Each structure stands twice: as C-alpha cells, then as structure tokens.
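S.K.: You'll find work.tsv just under this line, and it carries TSV, C-alpha atoms.
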```
chain	number	residue	atom	x	y	z
M	1	MET	CA	15.33	-14.06	16.44
M	2	SER	CA	15.63	-16.57	19.30
M	3	ASN	CA	18.31	-14.40	20.92
M	4	LEU	CA	15.88	-11.47	21.10
M	5	VAL	CA	13.18	-13.63	22.64
M	6	SER	CA	15.45	-15.23	25.24
M	7	THR	CA	16.84	-11.83	26.14
M	8	ALA	CA	13.36	-10.43	26.64
M	9	ALA	CA	12.08	-13.40	28.64
M	10	SER	CA	14.97	-14.17	30.97
M	11	ARG	CA	15.76	-10.85	32.61
M	12	VAL	CA	14.83	-9.71	36.11
M	13	CYS	CA	13.68	-6.31	34.81
M	14	PRO	CA	16.94	-4.35	35.14
M	15	ALA	CA	16.54	-0.67	34.34
M	16	PRO	CA	18.81	0.69	31.62
M	17	THR	CA	21.11	3.30	33.11
M	18	THR	CA	22.79	4.98	30.13
M	19	PRO	CA	22.29	6.89	28.04
M	20	ASP	CA	19.46	8.89	29.56
M	21	TRP	CA	16.44	9.18	27.28
M	22	ARG	CA	16.33	12.97	27.68
M	23	THR	CA	19.87	13.19	26.38
M	24	ILE	CA	18.94	10.93	23.47
M	25	LEU	CA	16.10	13.26	22.49
M	26	ALA	CA	18.25	16.36	22.93
M	27	GLU	CA	20.94	14.87	20.69
M	28	ALA	CA	18.57	13.53	18.01
M	29	VAL	CA	19.56	14.10	14.39
M	30	ARG	CA	17.77	17.11	12.94
M	31	ASP	CA	19.80	17.81	9.78
M	32	PRO	CA	19.34	15.64	6.64
M	33	ALA	CA	22.95	16.29	5.65
M	34	GLU	CA	24.18	14.95	9.00
M	35	LEU	CA	21.98	11.88	8.63
M	36	CYS	CA	23.51	11.24	5.21
M	37	ARG	CA	27.02	11.59	6.67
M	38	LEU	CA	26.22	9.13	9.46
M	39	LEU	CA	24.96	6.57	6.93
M	40	GLY	CA	27.69	7.12	4.34
M	41	LEU	CA	25.20	8.35	1.75
M	42	PRO	CA	26.06	10.84	-1.01
M	43	ALA	CA	25.57	14.44	0.05
M	44	ALA	CA	23.23	14.90	-2.91
M	45	THR	CA	20.73	12.67	-1.13
M	46	SER	CA	19.96	15.48	1.27
M	47	HIS	CA	20.00	18.41	-1.15
M	48	THR	CA	16.32	18.23	-2.08
M	49	ALA	CA	15.15	16.53	1.07
M	50	GLU	CA	14.16	19.43	3.26
M	51	PRO	CA	13.57	22.99	2.08
M	52	PRO	CA	14.35	25.93	4.36
M	53	GLY	CA	11.60	26.58	6.90
M	54	GLU	CA	10.14	23.06	6.64
M	55	PRO	CA	7.30	23.03	9.25
M	56	PHE	CA	7.78	19.30	9.87
M	57	PRO	CA	11.56	18.94	9.96
M	58	LEU	CA	13.69	15.84	10.29
M	59	LEU	CA	13.84	14.43	13.82
M	60	VAL	CA	15.28	10.98	14.52
M	61	PRO	CA	17.04	9.61	17.64
M	62	ARG	CA	20.50	8.17	17.14
M	63	PRO	CA	19.63	4.69	18.53
M	64	TYR	CA	17.15	4.40	15.67
M	65	VAL	CA	19.72	5.64	13.15
M	66	GLN	CA	22.10	2.91	14.33
M	67	ARG	CA	19.64	0.28	13.08
M	68	MET	CA	19.72	1.68	9.53
M	69	GLN	CA	21.87	0.01	6.87
M	70	PRO	CA	24.82	2.27	5.97
M	71	GLY	CA	25.06	3.15	2.29
M	72	ASP	CA	21.47	2.12	1.49
M	73	PRO	CA	19.26	5.05	0.41
M	74	LEU	CA	16.27	2.67	0.37
M	75	ASP	CA	16.72	1.41	3.91
M	76	PRO	CA	13.17	0.88	5.28
M	77	LEU	CA	13.90	2.80	8.47
M	78	LEU	CA	15.53	5.68	6.64
M	79	LEU	CA	12.56	5.99	4.25
M	80	GLN	CA	10.23	6.50	7.21
M	81	VAL	CA	12.07	9.57	8.51
M	82	MET	CA	14.00	11.25	5.69
M	83	PRO	CA	12.11	14.20	4.13
M	84	ARG	CA	11.64	13.73	0.40
M	85	ALA	CA	10.82	16.01	-2.51
M	86	GLU	CA	7.59	14.04	-3.12
M	87	GLU	CA	6.16	15.53	0.06
M	88	ARG	CA	5.83	18.87	-1.68
M	89	THR	CA	3.73	17.47	-4.53
M	90	ALA	CA	-0.02	17.93	-4.07
M	91	ALA	CA	-2.09	14.75	-4.49
M	92	ALA	CA	-5.84	14.51	-4.95
M	93	GLY	CA	-7.64	13.34	-1.81
M	94	PHE	CA	-4.72	14.07	0.53
M	95	ARG	CA	-5.47	16.78	3.10
M	96	THR	CA	-3.75	18.49	6.01
M	97	ASP	CA	-6.44	17.19	8.37
M	98	PRO	CA	-7.31	13.74	6.98
M	99	LEU	CA	-9.30	12.66	10.06
M	100	GLY	CA	-11.15	15.91	10.68
M	101	GLU	CA	-9.54	16.45	14.07
M	102	THR	CA	-9.16	20.21	14.00
M	103	SER	CA	-12.81	20.57	14.92
M	104	CYS	CA	-13.58	19.10	18.33
M	105	VAL	CA	-16.03	16.22	18.45
M	106	PRO	CA	-18.03	16.87	21.62
M	107	GLY	CA	-20.03	13.64	21.83
M	108	GLU	CA	-23.07	13.45	24.06
M	109	THR	CA	-22.03	16.01	26.64
M	110	SER	CA	-23.13	19.47	27.58
M	111	THR	CA	-19.63	20.45	28.73
M	112	GLY	CA	-18.04	20.35	25.28
M	113	CYS	CA	-14.39	19.47	24.70
M	114	PRO	CA	-11.61	21.50	26.29
M	115	SER	CA	-8.54	22.24	24.21
M	116	GLY	CA	-6.42	19.15	23.62
M	117	VAL	CA	-9.31	16.72	24.02
M	118	LEU	CA	-11.02	14.80	21.21
M	119	TRP	CA	-14.15	12.74	21.74
M	120	LYS	CA	-14.04	10.45	18.72
M	121	TYR	CA	-15.39	7.15	20.05
M	122	ALA	CA	-18.16	6.06	22.42
M	123	GLY	CA	-16.88	5.47	25.94
M	124	ARG	CA	-13.36	6.65	25.12
M	125	LEU	CA	-11.82	10.10	25.34
M	126	LEU	CA	-8.60	10.94	23.49
M	127	ILE	CA	-6.21	13.41	25.09
M	128	VAL	CA	-3.53	15.09	22.96
M	129	ALA	CA	-1.03	14.97	25.80
M	130	THR	CA	1.83	16.80	24.10
M	131	GLY	CA	2.87	18.10	20.71
M	132	GLN	CA	6.40	16.71	21.06
M	133	CYS	CA	7.43	13.45	19.40
M	134	GLY	CA	10.52	11.30	19.72
M	135	VAL	CA	10.68	10.94	15.92
M	136	HIS	CA	9.06	12.62	12.95
M	137	CYS	CA	7.55	9.92	10.77
M	138	ARG	CA	6.94	11.40	7.33
M	139	PHE	CA	3.51	9.74	7.01
M	140	CYS	CA	2.22	11.01	10.38
M	141	PHE	CA	-1.48	11.88	10.11
M	142	ARG	CA	-0.96	14.73	12.59
M	143	ARG	CA	2.06	16.28	10.85
M	144	HIS	CA	-0.03	19.40	10.13
M	145	PHE	CA	-2.04	19.30	13.37
M	146	PRO	CA	-1.32	22.18	15.79
M	147	ALA	CA	-0.78	19.74	18.66
M	148	GLY	CA	1.74	21.96	20.42
M	149	ASP	CA	-0.81	24.76	20.61
M	150	ARG	CA	-3.51	22.49	22.03
M	151	ALA	CA	-1.59	19.94	24.07
M	152	VAL	CA	-2.95	19.26	27.54
M	153	ALA	CA	0.53	19.15	29.11
M	154	SER	CA	1.24	22.73	28.03
M	155	SER	CA	-1.18	24.19	30.57
M	156	THR	CA	-2.37	23.30	34.07
M	157	ARG	CA	-5.75	24.75	33.14
M	158	ARG	CA	-6.03	22.38	30.17
M	159	TRP	CA	-5.12	19.38	32.30
M	160	GLU	CA	-7.65	20.31	34.94
M	161	ALA	CA	-10.34	20.82	32.29
M	162	ALA	CA	-9.57	17.44	30.68
M	163	ARG	CA	-9.65	15.62	34.02
M	164	ALA	CA	-12.87	17.39	35.00
M	165	MET	CA	-14.50	16.28	31.76
M	166	VAL	CA	-13.58	12.64	32.41
M	167	ALA	CA	-14.82	12.87	36.00
M	168	ALA	CA	-18.12	14.46	34.93
M	169	GLU	CA	-18.95	11.90	32.25
M	170	PRO	CA	-19.75	8.43	33.64
M	171	THR	CA	-19.94	7.04	30.09
M	172	ILE	CA	-16.18	7.53	29.69
M	173	ARG	CA	-14.57	4.19	30.57
M	174	GLU	CA	-11.23	4.70	28.86
M	175	VAL	CA	-8.78	7.55	28.37
M	176	ILE	CA	-6.42	7.40	25.39
M	177	LEU	CA	-3.18	9.35	25.76
M	178	SER	CA	-1.89	10.40	22.36
M	179	GLY	CA	0.13	13.24	20.92
M	180	GLY	CA	2.80	13.87	19.84
M	181	ASP	CA	4.10	11.11	22.05
M	182	PRO	CA	3.04	10.94	25.72
M	183	LEU	CA	6.34	9.27	26.63
M	184	THR	CA	8.21	12.49	25.86
M	185	LEU	CA	6.64	13.77	29.09
M	186	ASP	CA	8.55	13.37	32.35
M	187	ASP	CA	7.68	10.52	34.68
M	188	ASN	CA	6.45	12.86	37.41
M	189	VAL	CA	3.86	14.32	35.02
M	190	LEU	CA	2.65	10.88	33.97
M	191	SER	CA	2.60	9.67	37.57
M	192	GLU	CA	0.44	12.63	38.61
M	193	TRP	CA	-1.94	12.12	35.70
M	194	TYR	CA	-2.33	8.39	36.32
M	195	GLY	CA	-2.80	8.97	40.03
M	196	GLN	CA	-5.55	11.53	39.48
M	197	PHE	CA	-7.27	9.34	36.90
M	198	ALA	CA	-7.21	6.50	39.41
M	199	GLU	CA	-9.47	8.60	41.67
M	200	ILE	CA	-12.27	8.56	39.06
M	201	PRO	CA	-14.34	5.47	39.90
M	202	HIS	CA	-16.04	4.96	36.53
M	203	LEU	CA	-12.76	5.08	34.59
M	204	ARG	CA	-11.47	1.58	33.85
M	205	ARG	CA	-8.54	1.91	31.47
M	206	ILE	CA	-5.75	4.26	30.38
M	207	ARG	CA	-4.34	3.47	26.97
M	208	LEU	CA	-1.05	5.12	26.01
M	209	HIS	CA	0.02	5.28	22.35
M	210	THR	CA	3.74	5.67	21.80
M	211	ARG	CA	6.66	5.17	19.43
M	212	MET	CA	9.31	5.86	22.05
M	213	PRO	CA	10.02	2.22	23.09
M	214	ILE	CA	10.82	1.58	19.41
M	215	VAL	CA	12.89	4.65	18.50
M	216	ALA	CA	14.47	5.21	21.94
M	217	PRO	CA	13.93	2.11	24.11
M	218	GLN	CA	15.99	3.69	26.90
M	219	ARG	CA	12.77	5.56	27.73
M	220	VAL	CA	11.36	2.43	29.40
M	221	THR	CA	12.77	2.83	32.90
M	222	ASN	CA	11.64	1.41	36.23
M	223	THR	CA	10.42	4.89	37.16
M	224	LEU	CA	8.24	5.03	34.07
M	225	ILE	CA	6.80	1.58	34.71
M	226	ARG	CA	5.89	2.58	38.27
M	227	ALA	CA	4.30	5.79	36.98
M	228	ILE	CA	1.97	4.02	34.54
M	229	SER	CA	1.16	0.96	36.63
M	230	SER	CA	-1.57	2.68	38.62
M	231	THR	CA	-4.07	0.70	40.68
M	232	ARG	CA	-6.84	1.75	43.00
M	233	LEU	CA	-5.69	0.63	46.43
M	234	ALA	CA	-9.12	1.27	47.96
M	235	SER	CA	-11.04	-0.72	45.37
M	236	ILE	CA	-11.06	-4.23	44.00
M	237	THR	CA	-11.40	-2.74	40.51
M	238	ARG	CA	-8.04	-2.21	38.89
M	239	LEU	CA	-7.39	0.79	36.69
M	240	ALA	CA	-5.84	-1.03	33.76
M	241	SER	CA	-2.83	0.44	32.01
M	242	ILE	CA	-2.35	-0.54	28.35
M	243	VAL	CA	0.52	0.48	26.06
M	244	VAL	CA	0.20	0.50	22.26
M	245	VAL	CA	3.49	0.78	20.40
M	246	HIS	CA	3.83	1.85	16.78
M	247	VAL	CA	6.23	-0.43	14.90
M	248	ASN	CA	6.44	-0.86	11.13
M	249	HIS	CA	9.38	-3.08	10.22
M	250	PRO	CA	11.27	-6.01	11.80
M	251	ALA	CA	14.54	-4.08	11.51
M	252	GLU	CA	13.16	-1.67	14.11
M	253	ILE	CA	13.37	-4.40	16.76
M	254	ASP	CA	16.83	-4.88	18.20
M	255	THR	CA	17.91	-6.29	21.57
M	256	ALA	CA	17.27	-2.99	23.38
M	257	VAL	CA	13.75	-2.74	21.95
M	258	ALA	CA	13.06	-6.38	22.85
M	259	ASP	CA	14.25	-5.68	26.39
M	260	ALA	CA	12.00	-2.63	26.70
M	261	MET	CA	8.97	-4.60	25.49
M	262	GLY	CA	9.75	-7.45	27.85
M	263	ARG	CA	10.09	-5.17	30.85
M	264	LEU	CA	6.68	-3.64	30.19
M	265	VAL	CA	5.03	-7.04	29.78
M	266	ASP	CA	6.84	-8.50	32.80
M	267	SER	CA	5.45	-5.60	34.84
M	268	GLY	CA	1.89	-6.67	34.04
M	269	ILE	CA	1.21	-4.01	31.39
M	270	PRO	CA	-0.42	-5.43	28.25
M	271	VAL	CA	1.44	-4.27	25.14
M	272	LEU	CA	-0.23	-4.13	21.73
M	273	ALA	CA	1.31	-3.11	18.42
M	274	GLN	CA	-0.05	-1.15	15.50
M	275	THR	CA	1.55	-0.88	12.09
M	276	VAL	CA	0.98	1.42	9.12
M	277	LEU	CA	1.06	-0.26	5.71
M	278	LEU	CA	3.72	1.65	3.76
M	279	ARG	CA	4.80	1.36	0.14
M	280	GLY	CA	8.39	0.26	-0.30
M	281	ILE	CA	8.78	-0.36	3.43
M	282	ASN	CA	6.53	-3.19	4.61
M	283	ASP	CA	4.21	-3.98	1.69
M	284	ARG	CA	5.56	-7.51	1.22
M	285	VAL	CA	4.19	-10.55	3.04
M	286	GLU	CA	7.66	-11.73	4.06
M	287	VAL	CA	8.34	-8.45	5.86
M	288	LEU	CA	5.02	-8.37	7.70
M	289	GLN	CA	5.29	-12.05	8.61
M	290	ARG	CA	8.68	-11.48	10.23
M	291	LEU	CA	7.43	-8.40	12.05
M	292	PHE	CA	4.27	-9.97	13.47
M	293	GLU	CA	6.03	-13.22	14.42
M	294	GLN	CA	8.75	-11.28	16.14
M	295	LEU	CA	6.19	-9.25	18.09
M	296	ALA	CA	4.25	-12.36	19.12
M	297	ASP	CA	7.47	-13.99	20.32
M	298	LEU	CA	8.04	-10.91	22.50
M	299	ARG	CA	4.47	-11.21	23.90
M	300	VAL	CA	3.40	-8.07	22.07
M	301	MET	CA	0.13	-8.67	20.23
M	302	PRO	CA	-0.31	-7.26	16.70
M	303	TYR	CA	-3.42	-5.08	16.98
M	304	TYR	CA	-4.01	-3.00	13.85
M	305	LEU	CA	-2.53	-2.86	10.37
M	306	HIS	CA	-3.56	0.64	9.30
M	307	GLN	CA	-4.32	1.70	5.77
M	308	LEU	CA	-2.44	4.98	5.38
M	309	ASP	CA	-4.32	8.06	6.55
M	310	ARG	CA	-4.37	10.35	3.51
M	311	VAL	CA	-2.41	13.23	4.97
M	312	ALA	CA	-0.92	15.86	2.65
M	313	GLY	CA	2.72	15.04	1.90
M	314	ALA	CA	2.41	11.25	2.30
M	315	ALA	CA	0.84	10.11	-1.00
M	316	HIS	CA	4.05	8.31	-2.01
M	317	PHE	CA	3.60	5.94	0.95
M	318	GLU	CA	0.11	4.76	0.01
M	319	VAL	CA	-0.48	1.08	-0.77
M	320	PRO	CA	-3.65	0.11	-2.70
M	321	GLU	CA	-6.28	-1.54	-0.52
M	322	ALA	CA	-6.35	-4.54	-2.85
M	323	VAL	CA	-2.71	-5.18	-1.94
M	324	GLY	CA	-3.56	-4.90	1.76
M	325	HIS	CA	-6.36	-7.46	1.39
M	326	ARG	CA	-4.02	-9.87	-0.36
M	327	LEU	CA	-1.34	-9.44	2.30
M	328	ILE	CA	-3.79	-10.25	5.10
M	329	GLU	CA	-4.97	-13.36	3.27
M	330	GLN	CA	-1.37	-14.50	2.88
M	331	LEU	CA	-0.60	-13.77	6.54
M	332	ARG	CA	-3.57	-15.84	7.68
M	333	ALA	CA	-2.15	-18.79	5.76
M	334	ARG	CA	1.25	-18.38	7.41
M	335	LEU	CA	0.62	-17.23	11.00
M	336	PRO	CA	-1.58	-18.17	13.94
M	337	GLY	CA	-4.70	-16.05	14.22
M	338	TYR	CA	-3.48	-14.08	17.25
M	339	ALA	CA	-0.46	-12.87	15.25
M	340	VAL	CA	-2.54	-11.41	12.39
M	341	PRO	CA	-3.75	-7.86	13.06
M	342	ARG	CA	-7.01	-6.39	11.84
M	343	TYR	CA	-6.61	-4.41	8.64
M	344	VAL	CA	-8.39	-1.10	9.23
M	345	ARG	CA	-8.99	2.38	7.91
M	346	GLU	CA	-10.09	5.40	9.91
M	347	VAL	CA	-12.85	7.50	8.35
M	348	PRO	CA	-13.61	11.01	9.66
M	349	GLY	CA	-16.85	11.19	11.61
M	350	LYS	CA	-17.31	7.42	11.94
M	351	PRO	CA	-17.80	6.09	15.49
M	352	ASN	CA	-15.20	3.35	14.95
M	353	LYS	CA	-12.43	2.25	12.62
M	354	ILE	CA	-13.61	0.50	9.47
M	355	VAL	CA	-12.36	-3.09	9.29
M	356	LEU	CA	-11.15	-3.76	5.76
M	357	GLU	CA	-10.16	-7.40	6.28
```
What's the structure tokens form of this structure?
M.R.:
Amino acid sequence: MSNLVSTAASRVCPAPTTPDWRTILAEAVRDPAELCRLLGLPAATSHTAEPPGEPFPLLVPRPYVQRMQPGDPLDPLLLQVMPRAEERTAAAGFRTDPLGETSCVPGETSTGCPSGVLWKYAGRLLIVATGQCGVHCRFCFRRHFPAGDRAVASSTRRWEAARAMVAAEPTIREVILSGGDPLTLDDNVLSEWYGQFAEIPHLRRIRLHTRMPIVAPQRVTNTLIRAISSTRLASITRLASIVVVHVNHPAEIDTAVADAMGRLVDSGIPVLAQTVLLRGINDRVEVLQRLFEQLADLRVMPYYLHQLDRVAGAAHFEVPEAVGHRLIEQLRARLPGYAVPRYVREVPGKPNKIVLE
C-alpha cells in the first residue's frame, strides 16, 4: 500500500511511453475462451458464458486481465467482465432502460435536446460523448442503450448542436461528459471540445466520467492532461476540469493505476471516485475499507457508492439496500469522514440522486 502511495506522490509527472493506449484497446480480449486460457481456467468456464450474437460481448484490456488471479473463477475483477448465463434470466423489476434515458429530458428550454444530450439535472447537461468503452462491465446501466447511434462524437452536426445548446442556456453551469467512455476519444477531439467550451462564459465546469485510468492507465498521457486542463486565458474565472473514475475493488489499483491517478492530481485536476456495490465482489466491509483508504492515500476522494441500477441482465449483482446501510455504518466507524462516500440510488425522473445513507 505504502509503495503505491510513494510512487504516486514522488514522481515528476513522466508520461508513460509504451504500450500505446490505442494498441491496448485494439488488442483487448474479446473471446471468453481466450480469457479462460490466459487465466488458466477450465475451458468449460466459457462454454455458457456468451451465446452467439451477444449484443454486449466481452471486452477487457489486457492490463486489467493481468491483475486477475490465475486459476480463480471467482476473482472479483473477472466477475465484473465475464459474461454469465445468469444474464439471460429475466428478473422482475430489471429493465433495459433502468434510468429512463431513451427519452430525452429537455428541462426548461425551448430548444429541446439534440441527439446524444440528456438534461437530467438542474444546471448540468450530460453529453453521451461516444458509444465506445474501454471495458464492458456486465452491470453497466447503459448496456442496452443505443449510445453508438446517438453519440455526439459520431457527427459534427451533433457536436455543434450540443455546444449550441450549452451556449444558449445560461442556467447550464456544468457539462458532464459520459458515454461509453469519453477517454476512448482521441486527444485532439477532447482538446477541441474543451477549447470550445472554454469560450462559453457562463460554463464553469466540465466533469468527465471514465473507467479508462483504471482498466488501461496508459491512457493518461501528458497530451491528454493538456487537452483537459482548459482555462480561460482572458478571464479570471477558471473553467474547472474534474475527472470521476469508476473503481470497484482494491485489486484494480496497481502501480500503473496509482501513477495515472497521481499524474492527474499533480496536474491540478480534482479526481473523484465512484463505486458500484456488487454482490460477491465488494459487498464486504473489509474490501470497501481497503478500496476507500487506498483511494484517499492517492488523493482521490470517494464520491458515490451506487446501489446497482436495475438493468436487465445484472440481477445477480444486486446487493440488498439493508446490507448497503450496514456497510456504510461500519465504514464510518473505521474511516475518516472524507473517505466514506455517499450511498446513493438513481431514480428515473428525479432531479437528483437519492441519498440512501
């Protein structure tokens, strides 16, 4: 633990040179049988994992695979990405669109929402930047969402419409870049977007949600940091850049991940973390304590512990809320307050997340 912290705190922000993150994504594991071979698991493990034509197939970068425990079919990282037969069992209350996102929420505007834009919260506009992810988490609440068809990055017209909407609405103070994963976009695209957002005087913050620094930390390059560290040179008001990483288990944090986090923080970009409470993966207080302490040591603040969004195919991951309440109580007795995230659930149509604890 101390080695990770000292590594993250003592560097002079060197950029990783190899392997290139694009190559890592291109060479990601996409076949359950290959994943089993890499981990020394019986071939039978993959036989019922993914039926032909699976619309949400396996996708996992090899740096993430290297953190899995060989020979362990219950490895907490493996369970997050390996398709399972339980996904094909219908469960009451679990829907393909658990948050009601397929219908645009226009908010108080006469312009409406262009494709790829969701107005879910007051003062904040969410942009589905891309449909591409760096990893396919089996519990993803957008696993059935047609993000690729609606993504802003897929069309200049969509980008221009999204930017125009932000510029026309002075109540929008923050843009949230979501996906897919915005960090699967090239740096030049992100640099252009941040630069154009910086020209909108009423916009104060850009928040980028990503899993890439966790599953492929090589993505955090000096070029990326420059692209998302926008400021308004002609104004005393800074356009703040915030990164929220999705991390679920302490085994996801190795030296390369710690380095990536540290380089972001050292560059003046606040980094927050959100975690999904998952059965059999992180539903024990010892696991969450290690995760949140590790994050705090790396200057990454635990932000949300999410109750699972009830997306079709993920019922086997759900943890009862009573267990979540108990875990938060236990964490408060073990950790400083800043290291204990808020336990929340998202409810379709509500103007904010519901705080459960």
S.K.: Calculated over all atoms listed in the file, which of the candidates M:Glu27, M:Leu272, M:Arg219, M:Arg310 has the smallest distance to Arg142 (chain M)?
M.R.: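 Using all atoms listed in the file, the shortest distance to Arg142 (chain M) belongs to M:Arg310.
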S.K.: Give one line per residue of region 104-178 of chain M that approaches region 55-66 of chain M to at most 7 Å, naming the two atoms of the closest pair and their distance in Å to one decimal, counting only C-alpha atoms; sort by chain then ascending residue number and deliver it as a Markdown table.
M.R.:
```
| residue | atom | partner | partner_atom | distance |
| --- | --- | --- | --- | --- |
| M:Val135 | CA | M:Val60 | CA | 4.8 |
| M:His136 | CA | M:Leu59 | CA | 5.2 |
| M:Arg143 | CA | M:Phe56 | CA | 6.5 |
```
S.K.: At what distance in Å, to one decimal, does CA of Gly134 (chain M) lie from CA of Ala28 (chain M)?
M.R.: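 Separation of CA of Ala28 (chain M) and CA of Gly134 (chain M): 8.5 Å.
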S.K.: Mind pulling up the distance from CA of Met212 (chain M) to CA of Ser154 (chain M)?
M.R.: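 Those two atoms sit 19.6 Å apart.
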S.K.: Find, counting all atoms listed in the file, the residue in M:Gly324, M:Gly180, M:Gly268, M:Pro302 that gets nearest to Arg284 (chain M).
M.R.: M:Gly324
S.K.: Please compute the CA of Gln196 (chain M)-CA of Ser241 (chain M) distance, one decimal, in Å.
M.R.: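 Distance reported for this atom pair: 13.6 Å.
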